[in-house]
Structures are given as C-alpha cells and as structure tokens.
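One file, query_30.csv, carrying CSV, C-alpha atoms:
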```csv
chain,number,residue,atom,x,y,z
A,15,MET,CA,4.5,11.4,-23.7
A,16,GLN,CA,1.0,11.5,-22.4
A,17,THR,CA,1.7,8.8,-19.7
A,18,SER,CA,4.7,10.9,-18.5
A,19,ASN,CA,2.5,14.0,-18.2
A,20,HIS,CA,-0.1,12.0,-16.2
A,21,ALA,CA,2.6,10.6,-14.0
A,22,THR,CA,4.0,14.0,-13.3
A,23,LEU,CA,0.5,15.4,-12.6
A,24,ALA,CA,-0.3,12.5,-10.2
A,25,THR,CA,3.0,12.9,-8.4
A,26,HIS,CA,2.3,16.6,-8.0
A,27,PHE,CA,-1.2,15.9,-6.8
A,28,LEU,CA,-0.1,13.3,-4.3
A,29,ASN,CA,2.5,15.7,-2.8
A,30,SER,CA,-0.1,18.5,-2.5
A,31,PRO,CA,-0.8,19.2,1.2
A,32,ASN,CA,-4.3,20.6,0.2
A,33,ARG,CA,-5.3,17.6,-1.9
A,34,PRO,CA,-9.1,17.5,-2.0
A,35,PRO,CA,-10.9,14.2,-1.4
A,36,ILE,CA,-11.9,12.3,-4.5
A,37,LYS,CA,-15.6,11.5,-4.8
A,38,GLN,CA,-16.0,7.7,-4.8
A,39,SER,CA,-18.8,7.9,-7.3
A,40,THR,CA,-16.7,9.2,-10.2
A,41,GLY,CA,-14.5,7.4,-12.7
A,42,ALA,CA,-11.7,9.6,-11.6
A,43,VAL,CA,-11.1,7.3,-8.6
A,44,GLN,CA,-10.0,4.4,-10.9
A,45,ALA,CA,-7.9,6.7,-13.0
A,46,PHE,CA,-6.2,8.3,-10.0
A,47,LYS,CA,-5.6,4.9,-8.4
A,48,ARG,CA,-4.1,3.5,-11.7
A,49,VAL,CA,-1.8,6.5,-12.1
A,50,THR,CA,-0.8,6.5,-8.5
A,51,THR,CA,-0.1,2.8,-8.6
A,52,GLU,CA,2.2,3.2,-11.7
A,53,CYS,CA,4.0,6.2,-10.1
A,54,TYR,CA,4.5,4.4,-6.7
A,55,ILE,CA,5.8,1.2,-8.2
A,56,ARG,CA,8.1,3.1,-10.6
A,57,ASP,CA,9.5,5.1,-7.7
A,58,ASN,CA,9.9,2.2,-5.3
A,59,TRP,CA,10.6,-0.9,-7.3
A,60,ARG,CA,14.4,-0.9,-6.6
A,61,ALA,CA,14.0,-0.4,-2.8
A,62,GLU,CA,15.7,-3.2,-1.0
A,63,PHE,CA,13.6,-5.5,1.2
A,64,ALA,CA,14.2,-4.7,4.9
A,65,TRP,CA,12.1,-6.0,7.8
A,66,GLY,CA,10.3,-3.2,9.6
A,67,LYS,CA,11.4,-0.6,6.9
A,68,ASN,CA,10.4,-2.0,3.5
A,69,ASP,CA,8.7,-5.4,3.8
A,70,CYS,CA,5.5,-6.3,2.1
A,71,LEU,CA,3.3,-4.9,4.9
A,72,LEU,CA,5.0,-1.5,4.9
A,73,PHE,CA,5.3,-1.4,1.1
A,74,VAL,CA,1.6,-1.7,0.8
A,75,SER,CA,0.9,0.6,3.8
A,76,ASN,CA,3.0,3.3,2.2
A,77,PHE,CA,1.1,2.8,-1.1
A,78,LEU,CA,-2.2,3.2,0.8
A,79,ILE,CA,-0.9,6.5,2.3
A,80,ALA,CA,-0.2,7.7,-1.2
A,81,LEU,CA,-3.9,7.0,-2.1
A,82,GLY,CA,-5.0,9.0,0.9
A,83,HIS,CA,-5.6,6.3,3.5
A,84,PRO,CA,-4.4,6.7,7.1
A,85,ASP,CA,-1.1,5.1,8.1
A,86,TYR,CA,-2.3,1.7,9.2
A,87,ALA,CA,1.2,0.6,10.1
A,88,ARG,CA,2.2,3.6,12.2
A,89,ASP,CA,2.4,1.5,15.4
A,90,VAL,CA,4.7,-1.1,13.9
A,91,ARG,CA,7.1,0.9,11.7
A,92,GLU,CA,10.7,0.2,12.5
A,93,ARG,CA,9.7,-1.9,15.6
A,94,TYR,CA,11.0,-5.2,14.2
A,95,ARG,CA,14.0,-6.2,12.2
A,96,SER,CA,13.4,-9.9,11.3
A,97,LYS,CA,10.7,-12.3,10.2
A,98,GLU,CA,10.5,-13.5,13.8
A,99,GLY,CA,10.2,-10.0,15.1
A,100,ALA,CA,7.4,-9.3,12.6
A,101,GLU,CA,5.6,-12.5,13.7
A,102,THR,CA,6.0,-11.5,17.4
A,103,MET,CA,4.7,-8.0,16.6
A,104,LEU,CA,1.6,-9.4,14.9
A,105,ARG,CA,0.9,-11.7,17.8
A,106,MET,CA,1.3,-8.8,20.2
A,107,MET,CA,-1.4,-7.0,18.2
A,108,GLY,CA,-3.7,-10.1,18.5
A,109,PHE,CA,-3.2,-11.5,15.0
A,110,PHE,CA,-1.8,-14.8,13.8
A,111,SER,CA,-1.1,-13.9,10.2
A,112,VAL,CA,-0.6,-10.9,7.9
A,113,ALA,CA,-3.9,-11.8,6.2
A,114,GLU,CA,-5.8,-11.6,9.5
A,115,CYS,CA,-4.1,-8.2,10.4
A,116,VAL,CA,-4.8,-6.7,7.0
A,117,SER,CA,-8.4,-8.0,7.0
A,118,SER,CA,-9.0,-6.1,10.2
A,119,TYR,CA,-8.1,-2.8,8.5
A,120,LEU,CA,-9.2,-3.3,4.9
A,121,LYS,CA,-12.5,-4.9,3.7
A,122,PRO,CA,-11.7,-8.0,1.7
A,123,LYS,CA,-13.3,-8.2,-1.7
A,124,PRO,CA,-13.9,-11.2,-4.1
A,125,LEU,CA,-11.0,-12.2,-6.2
A,126,LYS,CA,-12.6,-11.0,-9.4
A,127,PRO,CA,-12.6,-8.4,-10.7
A,128,VAL,CA,-9.2,-7.3,-9.4
A,129,GLU,CA,-8.4,-3.8,-10.5
A,130,ARG,CA,-5.0,-2.1,-10.9
A,131,GLY,CA,-4.0,-0.7,-7.6
A,132,ASP,CA,-5.8,-3.3,-5.5
A,133,VAL,CA,-4.0,-4.7,-2.5
A,134,VAL,CA,-3.7,-8.4,-3.0
A,135,MET,CA,-2.7,-11.3,-0.7
A,136,TYR,CA,-0.3,-13.7,-2.5
A,137,SER,CA,-0.4,-16.2,0.4
A,138,SER,CA,-1.4,-15.9,4.0
A,139,ASN,CA,1.7,-13.9,4.7
A,140,CYS,CA,2.6,-11.9,1.6
A,141,LEU,CA,1.0,-8.7,0.4
A,142,GLY,CA,1.3,-6.9,-2.8
A,143,ILE,CA,-0.2,-4.4,-5.2
A,144,PHE,CA,-1.9,-5.6,-8.4
```
In structure tokens, what does this structure look like?
Amino acid sequence: MQTSNHATLATHFLNSPNRPPIKQSTGAVQAFKRVTTECYIRDNWRAEFAWGKNDCLLFVSNFLIALGHPDYARDVRERYRSKEGAETMLRMMGFFSVAECVSSYLKPKPLKPVERGDVVMYSSNCLGIF
C-alpha cells in the first residue's frame, strides 16, 4: 500500500507544471529517482518497440524528461523509421554510435556503484535504465 501511495505522489509530482527543482545535496534526489524509475517503467513496459518513436534512445530520453532533464532527443524524434535510418541520423549528427552520442550529453560514470534509475549502456548501441 505504501508503494502505491508513493507511486501516485511521484506521478502527480512529475505532472505538476510548477515542479520545484530538487536540491542535489539531499537524499530526496535518490528517492525521487527511484520512485520515478518505478513509475516510468510500470507505465511504459508494454509499449511496442518502434524506430524513431519508442526505441532505446527515445525510451531513455523520455525517462530523463520525467526526471526533469531537457529533451536531448528533440531533434531526432520521428525523423527515422529503421535501424539504418537511426544510424544515418547519428552520422548526420557527427556520431558513429549511440554510446558516442549519449556520452556527449550525459557524463559517463564508473560502472560501480550503479543506482536505480541510472542510464546504462548494454552494448555500444543499446541503452537502458537500471
């Protein structure tokens, strides 16, 4: 029951247009990130994979938006419809892999300790959320 209340509170908080910034120095950041991660995955786990709409890059980008980050993928949304199109889009942006592209926007951190809600690279071209 308590988890459900937290999930509802986090969903309400995420949808609030006047959401205040969360101070990075507090333990609330990790709690917010954990609850947001659980809500996001719960709400999106059945979404079908679709290049340019719901692929690994956009799935993670949408998650980062829920955490309050800017839309890093705004320039590529729905501009490709296949693996080849995604690769072409990356090359047009000056990148040769998803890993290179993501590293230009997000600061890589050491493998350990990985925390719930961290963006992870499963291979050089597959993103996910831990």
Looking at A:Glu129, A:Asp85, A:Glu114, A:Glu92, which one is nearest to Asp69 of chain A, with distances taken over all atoms listed in the file?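 Distance minimum relative to Asp69 of chain A lands on A:Glu92.
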Gap from atom CA of Cys115 of chain A to atom CA of Ala64 of chain A - Å, one decimal: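 According to the coordinates, atom CA of Cys115 of chain A and atom CA of Ala64 of chain A are separated by 19.4 Å.
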Atom CA of Arg93 of chain A to atom CA of Asn76 of chain A: how many Å, to one decimal? 15.9 Å
Which of these, A:Ala61, A:Ile79, A:Val116, A:Cys70, has the shortest distance to Leu104 of chain A once you count all atoms listed in the file?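 Ranking A:Ala61, A:Ile79, A:Val116, A:Cys70 by distance to Leu104 of chain A, first place goes to A:Val116.
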Would you work out the distance separating atom CA of Lys97 of chain A from atom CA of Thr50 of chain A, expressed in Å to one decimal?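 One can read the atom CA of Lys97 of chain A to atom CA of Thr50 of chain A distance as 28.9 Å.
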In terms of the shortest atom-to-atom distance over only C-alpha atoms, which of A:Pro84, A:Ser96, A:Ser117, A:Phe46 is closest to Gly66 of chain A?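 Using only C-alpha atoms, Gly66 of chain A sits closest to A:Ser96.
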Using all atoms listed in the file, pick whichever of A:Leu81, A:Leu71, A:Ala87, A:Val43 has the shortest atom-to-atom distance to Asn139 of chain A.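 Of A:Leu81, A:Leu71, A:Ala87, A:Val43, the one nearest Asn139 of chain A, counting all atoms listed in the file, is A:Leu71.
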